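Note: the block below is entry36.txt and it holds compact mmCIF, C-alpha atoms (C1' of nucleotides).
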```
# COMPACT_ATOMS: atom_id res chain seq x y z
CA MET A 1292 10.35 -1.91 -18.43
CA ASN A 1293 9.98 0.63 -21.22
CA ASN A 1294 6.61 -0.92 -21.71
CA THR A 1295 5.72 -0.16 -18.11
CA ILE A 1296 6.99 3.38 -18.51
CA ASN A 1297 4.73 3.87 -21.49
CA GLU A 1298 1.76 2.61 -19.56
CA VAL A 1299 2.47 4.99 -16.70
CA SER A 1300 2.91 7.82 -19.16
CA LYS A 1301 -0.46 7.02 -20.65
CA LYS A 1302 -2.09 6.77 -17.25
CA LEU A 1303 -0.75 10.17 -16.27
CA ARG A 1304 -1.66 11.82 -19.54
CA ALA A 1305 -5.20 10.54 -19.12
CA GLN A 1306 -5.34 12.73 -16.00
CA GLU A 1307 -3.65 15.68 -17.73
CA TYR A 1308 -0.31 15.10 -16.04
CA LYS A 1309 2.99 14.74 -17.86
CA LEU A 1310 5.69 12.16 -17.40
CA THR A 1311 8.51 14.69 -17.29
CA PRO A 1312 12.17 13.61 -17.44
CA GLN A 1313 12.44 13.95 -13.66
CA ARG A 1314 9.32 11.89 -13.05
CA GLU A 1315 10.55 9.26 -15.48
CA LYS A 1316 13.88 9.01 -13.66
CA ILE A 1317 12.07 8.58 -10.37
CA LEU A 1318 9.82 5.95 -11.91
CA ARG A 1319 12.86 4.06 -13.21
CA VAL A 1320 14.34 3.99 -9.72
CA MET A 1321 11.08 2.56 -8.39
CA LEU A 1322 11.04 -0.08 -11.12
CA GLU A 1323 14.68 -1.02 -10.56
CA ASN A 1324 13.92 -1.50 -6.85
CA LYS A 1325 10.64 -3.34 -6.99
CA ASP A 1326 11.60 -5.55 -4.09
CA LYS A 1327 12.71 -2.74 -1.77
CA HIS A 1328 10.84 -0.25 0.37
CA LEU A 1329 12.47 3.06 -0.35
CA SER A 1330 12.04 6.28 1.61
CA ALA A 1331 11.77 9.56 -0.28
CA ASP A 1332 15.32 10.35 0.68
CA GLU A 1333 16.60 7.01 -0.59
CA VAL A 1334 14.82 7.55 -3.87
CA TYR A 1335 16.38 11.00 -4.02
CA ILE A 1336 19.88 9.60 -3.49
CA LEU A 1337 19.39 6.92 -6.15
CA VAL A 1338 18.01 9.42 -8.65
CA LYS A 1339 20.84 11.84 -7.89
CA GLU A 1340 23.47 9.24 -8.77
CA LYS A 1341 22.44 9.43 -12.40
CA SER A 1342 20.80 12.85 -12.49
CA PRO A 1343 22.37 15.20 -9.96
CA ASP A 1344 20.07 18.05 -10.81
CA VAL A 1345 16.85 16.62 -9.41
CA GLY A 1346 15.54 18.19 -6.22
CA LEU A 1347 14.25 16.44 -3.13
CA ALA A 1348 11.03 18.46 -3.28
CA THR A 1349 10.40 17.04 -6.73
CA VAL A 1350 10.81 13.54 -5.37
CA TYR A 1351 8.22 14.23 -2.66
CA ARG A 1352 5.86 15.84 -5.16
CA THR A 1353 6.30 12.97 -7.56
CA MET A 1354 5.65 10.36 -4.88
CA GLU A 1355 2.43 12.17 -4.07
CA LEU A 1356 1.49 12.23 -7.75
CA PHE A 1357 2.28 8.55 -8.19
CA LEU A 1358 0.29 7.68 -5.07
CA ASP A 1359 -2.71 9.67 -6.28
CA ASN A 1360 -2.56 7.95 -9.63
CA ASP A 1361 -2.18 4.51 -8.13
CA ILE A 1362 1.25 3.89 -9.61
CA ILE A 1363 2.95 3.24 -6.29
CA HIS A 1364 1.75 2.58 -2.77
CA SER A 1365 3.22 3.44 0.59
CA VAL A 1366 4.01 1.45 3.70
CA ASN A 1367 5.03 2.60 7.12
CA PHE A 1368 7.33 0.46 9.21
CA GLY A 1369 7.36 2.96 12.05
CA ASP A 1370 10.97 3.98 11.45
CA GLY A 1371 10.25 7.65 11.07
CA CYS A 1372 9.45 7.93 7.39
CA LYS A 1373 7.01 6.75 4.77
CA ARG A 1374 8.33 4.10 2.42
CA TYR A 1375 7.24 3.49 -1.14
CA GLU A 1376 6.92 0.49 -3.40
CA TYR A 1377 6.05 0.18 -7.05
CA GLY A 1378 2.46 -0.96 -7.72
CA GLY A 1379 -0.83 0.68 -6.93
CA GLU A 1380 -3.42 -0.16 -4.32
CA LYS A 1381 -6.00 -0.93 -6.96
CA ASP A 1382 -3.78 -3.61 -8.49
CA GLY A 1383 -5.52 -5.75 -5.91
CA HIS A 1384 -4.56 -6.78 -2.43
CA HIS A 1385 -0.86 -6.88 -2.23
CA HIS A 1386 1.64 -8.89 -0.29
CA HIS A 1387 2.26 -8.87 3.43
CA HIS A 1388 5.43 -8.32 5.42
CA ALA A 1389 7.09 -10.30 8.17
CA ILE A 1390 9.47 -8.07 10.07
CA CYS A 1391 12.30 -9.51 12.16
CA LEU A 1392 12.56 -7.71 15.49
CA GLU A 1393 16.20 -8.72 15.80
CA CYS A 1394 17.85 -7.94 12.46
CA GLY A 1395 15.15 -5.84 10.84
CA ASP A 1396 14.91 -8.05 7.79
CA ILE A 1397 11.64 -7.86 5.94
CA ILE A 1398 10.28 -11.01 4.40
CA GLU A 1399 7.65 -10.68 1.70
CA ILE A 1400 4.66 -12.95 1.93
CA ASP A 1401 2.91 -13.29 -1.36
CA GLU A 1402 0.01 -15.41 -0.37
CA ASP A 1403 -3.10 -13.66 0.65
CA LEU A 1404 -4.96 -15.98 3.04
CA LEU A 1405 -7.21 -13.30 4.41
CA GLU A 1406 -10.36 -14.12 2.45
CA ASP A 1407 -12.11 -15.88 5.34
CA LEU A 1408 -11.28 -13.18 7.80
CA GLU A 1409 -12.42 -10.47 5.43
CA ALA A 1410 -15.65 -12.25 4.67
CA LYS A 1411 -16.42 -12.42 8.37
CA VAL A 1412 -15.54 -8.81 9.06
CA SER A 1413 -17.47 -7.54 6.08
CA GLN A 1414 -20.52 -9.39 7.26
CA ASP A 1415 -20.28 -8.69 11.00
CA LYS A 1416 -19.29 -5.05 10.78
CA ASN A 1417 -20.97 -4.17 7.52
CA PHE A 1418 -17.65 -2.86 6.26
CA GLN A 1419 -16.81 -3.03 2.57
CA ILE A 1420 -13.14 -3.98 2.33
CA THR A 1421 -11.10 -2.75 -0.60
CA ASN A 1422 -7.60 -3.41 0.66
CA HIS A 1423 -5.58 -4.54 3.61
CA GLU A 1424 -2.16 -4.36 5.15
CA LEU A 1425 -0.73 -7.06 7.38
CA LYS A 1426 2.52 -6.99 9.27
CA LEU A 1427 3.83 -9.95 11.23
CA PHE A 1428 6.45 -9.28 13.85
CA GLY A 1429 8.80 -11.88 15.21
CA TYR A 1430 12.11 -13.56 14.54
CA CYS A 1431 13.49 -14.86 11.27
CA LYS A 1432 15.28 -18.17 10.80
CA LYS A 1433 18.69 -16.61 11.48
CA CYS A 1434 17.62 -14.78 14.61
CA ALA A 1435 15.21 -17.21 16.26
CA ASP A 1436 16.47 -18.27 19.67
CA MET B 1133 -8.65 2.41 37.37
CA ASN B 1134 -6.67 3.06 40.53
CA ASN B 1135 -6.15 -0.64 40.57
CA THR B 1136 -4.61 -0.46 37.12
CA ILE B 1137 -2.44 2.43 38.19
CA ASN B 1138 -1.12 0.39 41.08
CA GLU B 1139 -0.29 -2.47 38.78
CA VAL B 1140 1.60 -0.18 36.43
CA SER B 1141 3.40 1.35 39.36
CA LYS B 1142 4.45 -2.10 40.51
CA LYS B 1143 5.54 -3.09 37.02
CA LEU B 1144 7.71 -0.01 36.73
CA ARG B 1145 9.23 -0.33 40.18
CA ALA B 1146 10.15 -3.90 39.33
CA GLN B 1147 12.39 -2.40 36.63
CA GLU B 1148 13.68 0.33 38.90
CA TYR B 1149 11.55 3.05 37.38
CA LYS B 1150 9.25 5.33 39.29
CA LEU B 1151 5.66 6.26 38.57
CA THR B 1152 6.19 9.97 39.04
CA PRO B 1153 3.25 12.38 39.22
CA GLN B 1154 3.81 13.35 35.58
CA ARG B 1155 3.91 9.74 34.47
CA GLU B 1156 0.77 9.00 36.45
CA LYS B 1157 -1.07 11.88 34.82
CA ILE B 1158 -0.04 10.64 31.40
CA LEU B 1159 -1.13 7.13 32.32
CA ARG B 1160 -4.52 8.44 33.46
CA VAL B 1161 -5.02 10.13 30.11
CA MET B 1162 -4.24 6.85 28.36
CA LEU B 1163 -6.68 5.00 30.58
CA GLU B 1164 -9.40 7.59 30.07
CA ASN B 1165 -8.98 7.23 26.32
CA LYS B 1166 -8.65 3.49 25.93
CA ASP B 1167 -10.70 3.51 22.77
CA LYS B 1168 -8.77 6.29 21.05
CA HIS B 1169 -5.44 6.39 19.26
CA LEU B 1170 -3.70 9.44 20.63
CA SER B 1171 -0.62 11.11 19.25
CA ALA B 1172 2.04 12.40 21.64
CA ASP B 1173 0.82 15.90 21.04
CA GLU B 1174 -2.78 14.97 21.78
CA VAL B 1175 -1.71 13.31 25.01
CA TYR B 1176 0.26 16.45 25.85
CA ILE B 1177 -2.79 18.65 25.29
CA LEU B 1178 -5.02 16.42 27.41
CA VAL B 1179 -2.47 16.28 30.22
CA LYS B 1180 -1.97 20.04 30.07
CA GLU B 1181 -5.67 20.68 30.63
CA LYS B 1182 -5.34 19.41 34.17
CA SER B 1183 -1.63 19.88 34.75
CA PRO B 1184 -0.28 22.83 32.76
CA ASP B 1185 3.25 22.32 33.98
CA VAL B 1186 4.04 19.09 32.17
CA GLY B 1187 6.40 19.33 29.21
CA LEU B 1188 6.03 17.75 25.80
CA ALA B 1189 9.46 16.15 26.11
CA THR B 1190 8.25 14.35 29.21
CA VAL B 1191 5.29 13.01 27.28
CA TYR B 1192 7.61 11.62 24.59
CA ARG B 1193 9.96 10.17 27.17
CA THR B 1194 7.07 8.63 29.07
CA MET B 1195 5.60 7.08 25.94
CA GLU B 1196 8.98 5.50 25.27
CA LEU B 1197 9.14 4.23 28.85
CA PHE B 1198 5.60 2.82 28.68
CA LEU B 1199 6.37 1.16 25.35
CA ASP B 1200 9.53 -0.44 26.71
CA ASN B 1201 7.66 -1.72 29.72
CA ASP B 1202 4.78 -3.04 27.65
CA ILE B 1203 2.19 -0.76 29.20
CA ILE B 1204 1.08 0.80 25.93
CA HIS B 1205 1.63 -0.03 22.27
CA SER B 1206 1.86 2.14 19.21
CA VAL B 1207 0.13 2.16 15.86
CA ASN B 1208 0.87 4.12 12.75
CA PHE B 1209 -1.95 5.17 10.49
CA GLY B 1210 0.38 6.98 8.13
CA ASP B 1211 -0.86 10.42 9.11
CA GLY B 1212 2.51 11.79 10.07
CA CYS B 1213 2.81 10.72 13.67
CA LYS B 1214 2.91 7.68 15.90
CA ARG B 1215 -0.25 6.98 17.84
CA TYR B 1216 -0.52 5.24 21.17
CA GLU B 1217 -3.07 3.02 22.84
CA TYR B 1218 -3.22 1.58 26.34
CA GLY B 1219 -2.25 -2.09 26.56
CA GLY B 1220 1.04 -3.82 25.86
CA GLU B 1221 2.12 -6.06 23.03
CA LYS B 1222 2.64 -8.98 25.35
CA ASP B 1223 -0.97 -8.87 26.49
CA GLY B 1224 -1.37 -11.10 23.48
CA HIS B 1225 -2.17 -10.31 19.91
CA HIS B 1226 -4.40 -7.33 20.00
CA HIS B 1227 -7.26 -6.10 17.93
CA HIS B 1228 -7.24 -5.04 14.32
CA HIS B 1229 -8.47 -1.87 12.69
CA ALA B 1230 -10.82 -1.25 9.80
CA ILE B 1231 -10.26 2.22 8.44
CA CYS B 1232 -12.90 3.97 6.36
CA LEU B 1233 -11.33 5.70 3.37
CA GLU B 1234 -14.24 8.12 3.17
CA CYS B 1235 -14.86 9.40 6.69
CA GLY B 1236 -11.70 8.20 8.41
CA ASP B 1237 -13.59 6.29 11.07
CA ILE B 1238 -11.66 3.50 12.70
CA ILE B 1239 -13.56 0.37 13.64
CA GLU B 1240 -11.97 -1.95 16.17
CA ILE B 1241 -12.06 -5.63 15.37
CA ASP B 1242 -11.59 -7.71 18.44
CA GLU B 1243 -11.49 -11.15 16.96
CA ASP B 1244 -8.15 -12.46 15.97
CA LEU B 1245 -8.76 -14.96 13.15
CA LEU B 1246 -5.16 -15.05 12.02
CA GLU B 1247 -4.14 -18.35 13.58
CA ASP B 1248 -4.32 -20.34 10.36
CA LEU B 1249 -2.43 -17.77 8.39
CA GLU B 1250 0.25 -17.48 11.03
CA ALA B 1251 0.64 -21.23 11.27
CA LYS B 1252 1.21 -21.40 7.54
CA VAL B 1253 3.68 -18.52 7.45
CA SER B 1254 5.62 -19.80 10.40
CA GLN B 1255 5.99 -23.14 8.76
CA ASP B 1256 6.68 -22.00 5.18
CA LYS B 1257 9.04 -19.16 6.00
CA ASN B 1258 10.50 -20.49 9.20
CA PHE B 1259 9.54 -17.26 10.90
CA GLN B 1260 8.64 -17.21 14.57
CA ILE B 1261 5.70 -14.82 14.95
CA THR B 1262 5.28 -12.91 18.19
CA ASN B 1263 2.79 -10.30 17.12
CA HIS B 1264 0.91 -8.86 14.20
CA GLU B 1265 -0.83 -5.78 12.97
CA LEU B 1266 -3.69 -5.83 10.50
CA LYS B 1267 -5.40 -2.89 8.88
CA LEU B 1268 -8.38 -3.25 6.62
CA PHE B 1269 -9.17 -0.38 4.31
CA GLY B 1270 -12.55 0.24 2.75
CA TYR B 1271 -15.90 1.85 3.39
CA CYS B 1272 -18.01 1.76 6.52
CA LYS B 1273 -21.75 1.26 6.62
CA LYS B 1274 -22.43 5.00 6.42
CA CYS B 1275 -20.07 5.64 3.52
CA ALA B 1276 -20.49 2.53 1.38
CA ASP B 1277 -21.78 3.46 -2.07
C1' DC C 596 23.57 13.19 49.15
C1' DT C 597 23.03 10.99 45.01
C1' DT C 598 20.70 9.77 41.17
C1' DA C 599 16.60 9.82 38.29
C1' DT C 600 13.48 12.90 36.29
C1' DT C 601 11.86 17.16 34.47
C1' DG C 602 11.15 21.54 31.64
C1' DC C 603 12.89 24.31 28.44
C1' DA C 604 15.07 25.42 24.38
C1' DA C 605 17.78 23.96 20.77
C1' DA C 606 18.64 20.52 17.35
C1' DA C 607 17.60 16.91 14.19
C1' DG C 608 14.91 14.62 10.77
C1' DT C 609 11.08 14.37 7.53
C1' DT C 610 7.85 16.63 4.69
C1' DT C 611 5.61 20.82 2.76
C1' DT C 612 5.44 25.30 0.72
C1' DG C 613 6.50 29.96 -1.51
C1' DC C 614 8.50 31.76 -5.21
C1' DA C 615 11.09 32.87 -9.10
C1' DC C 616 12.75 30.34 -13.00
C1' DT C 617 12.30 26.84 -16.76
C1' DA C 618 10.42 23.79 -19.94
C1' DT C 619 6.76 22.62 -22.77
C1' DA C 620 2.49 22.37 -25.22
C1' DT D 48 2.84 32.86 -24.33
C1' DA D 49 0.22 30.48 -20.95
C1' DT D 50 0.65 26.83 -17.83
C1' DA D 51 2.56 22.97 -15.49
C1' DG D 52 6.56 21.60 -13.38
C1' DT D 53 11.08 22.42 -11.05
C1' DG D 54 14.91 23.72 -7.74
C1' DC D 55 16.12 26.02 -3.93
C1' DA D 56 15.60 27.74 0.49
C1' DA D 57 12.65 28.56 4.11
C1' DA D 58 9.06 26.89 6.95
C1' DA D 59 6.32 23.50 9.34
C1' DC D 60 5.98 19.44 12.06
C1' DT D 61 7.24 15.57 14.80
C1' DT D 62 10.64 13.74 17.71
C1' DT D 63 15.12 13.76 20.23
C1' DT D 64 18.70 15.70 23.03
C1' DG D 65 21.69 18.73 26.13
C1' DC D 66 21.62 20.82 30.23
C1' DA D 67 20.67 23.19 34.38
C1' DA D 68 17.18 22.89 37.89
C1' DT D 69 14.20 19.85 40.70
C1' DA D 70 12.45 16.02 43.09
C1' DA D 71 12.71 11.80 45.58
C1' DG D 72 14.59 7.92 47.85
```

Take the structure in the file and give it back as structure tokens.
Amino acid sequence: MNNTINEVSKKLRAQEYKLTPQREKILRVMLENKDKHLSADEVYILVKEKSPDVGLATVYRTMELFLDNDIIHSVNFGDGCKRYEYGGEKDGHHHHHAICLECGDIIEIDEDLLEDLEAKVSQDKNFQITNHELKLFGYCKKCAD
Amino acid sequence: MNNTINEVSKKLRAQEYKLTPQREKILRVMLENKDKHLSADEVYILVKEKSPDVGLATVYRTMELFLDNDIIHSVNFGDGCKRYEYGGEKDGHHHHHAICLECGDIIEIDEDLLEDLEAKVSQDKNFQITNHELKLFGYCKKCAD
DNA sequence: CTTATTGCAAAAGTTTTGCACTATA
DNA sequence: TATAGTGCAAAACTTTTGCAATAAG
């Protein structure tokens, strides 16, 4: 993890940004919650637990900075706020989500499986695809009728 | 179009809801903008042009009603607000979107092409899929390098 | 008449911004 | 000591809600 933090620090410095103590704390929270989809407020609460003197505005500004520098990416599940996950867009196409309409559980789908579709769209529509986002809605094992 | 309005009216009455004049005006705006993705505020502005005495709260409440009754569906492009499009979820899996990162253009993709992927996910994860949402990001013909 | 629906204004929730203060190179 | 970064509070936006007035069966 410290290795990752160093890499991020380097990436930021390359763009003349600093990895300040606050930003590092926020980054640590993102790394410790790689599997979750945290809202800005949730990040804020988690950061506050260990460092009570970090402001919510700093969290928002840091998320924006991390997004711009491709350190995190955001997803929107339509629940009223943006959610963030460690890992940039340019790290390649990332995983999909299956969202249970009953219990709200989110299942990660690591396989890609969109190559054929993308090939067709790129050809038919003359659209150069750099990334994608797929959400499947339905019912998980527990909740299926 | 009047035909569609009658169908919606029937659908609502079946659930003991009325197609009030306000709701009909909102529905007309949705029908006149089938190809667009309107925010609540944009719908409000369009409705106001012809009927200045309709309130924004009514637009929000009507969108909720139309969503519940599968008359419209919503999409979220991460720009700070929900967007709505005529046509329900249950009308079958609907089209995908290719979003140009340069000019913001949204290209509709009518083909589905996700059957194989869904079959695999449903089997591997034991997840019963009822709908999906796919966004492709990249560069359109005009903007491609 | 009785109940659903509406408009308005207020409230709630998320995100952004202005500004004075602080840390840091 | 310049400049980037921060915390706080205020503002901006989207969405929801309470409530009295209205409309419609």

Notebook entry, point to check: Within 12 Å of range 602-618 of chain C, counting only C-alpha atoms (C1' of nucleotides), which residues qualify if same-chain residues fewer than 5 places away don't, as a PyMOL selection string?
Noted result: (chain A and resi 1309+1311-1313+1330-1332+1347-1352+1354-1355+1370-1374) or (chain B and resi 1154+1184-1191+1211-1213) or (chain D and resi 50-69)

Next item on the list: For CA of Cys1431 in chain A and CA of Ala1389 in chain A, determine how far apart the two atoms are, in Å to one decimal place.
Entry: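 Interatomic distance, CA of Cys1431 in chain A to CA of Ala1389 in chain A: 8.4 Å.
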
Check: To one decimal place, how far is CA of Leu1163 in chain B from CA of Met1133 in chain B in Å?
Finding: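 Separation between CA of Leu1163 in chain B and CA of Met1133 in chain B: 7.5 Å.
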
Check: In Å, with one decimal, what is the gap from CA of Glu1217 in chain B to CA of Ile1204 in chain B?
Finding: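 So the answer is 5.6 Å.
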
Next item on the list: Please give the root-mean-square deviation of the Cα atoms once chain B has been least-squares fitted onto chain A, pairing every Cα in order.
Entry: 0.3 Å

Item checked: Test item: residues at most 12 Å from Phe1368 in chain A, all atoms listed in the file, excluding those fewer than 4 positions along its chain, as a ChimeraX atom specification -> /A:1328-1330,1372-1375,1388-1392,1395-1397,1424-1428 /B:1206-1210,1214,1265

Next item on the list: Have a look at A:Asp1436, A:Glu1307, A:Glu1380, A:Asp1361 and name the one nearest to chain C; count only C-alpha atoms (C1' of nucleotides).
Entry: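 Of all the options, A:Glu1307 lies closest to chain C.
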
Next item on the list: List the neighbours of Glu1247 in chain B out to 12 Å using only C-alpha atoms (C1' of nucleotides); skip same-chain residues closer than 3 positions along the sequence, and give me the result as a PyMOL selection string.
Entry: (chain A and resi 1404-1405+1407-1408+1427) or (chain B and resi 1225+1243-1244+1250-1254+1261-1264)
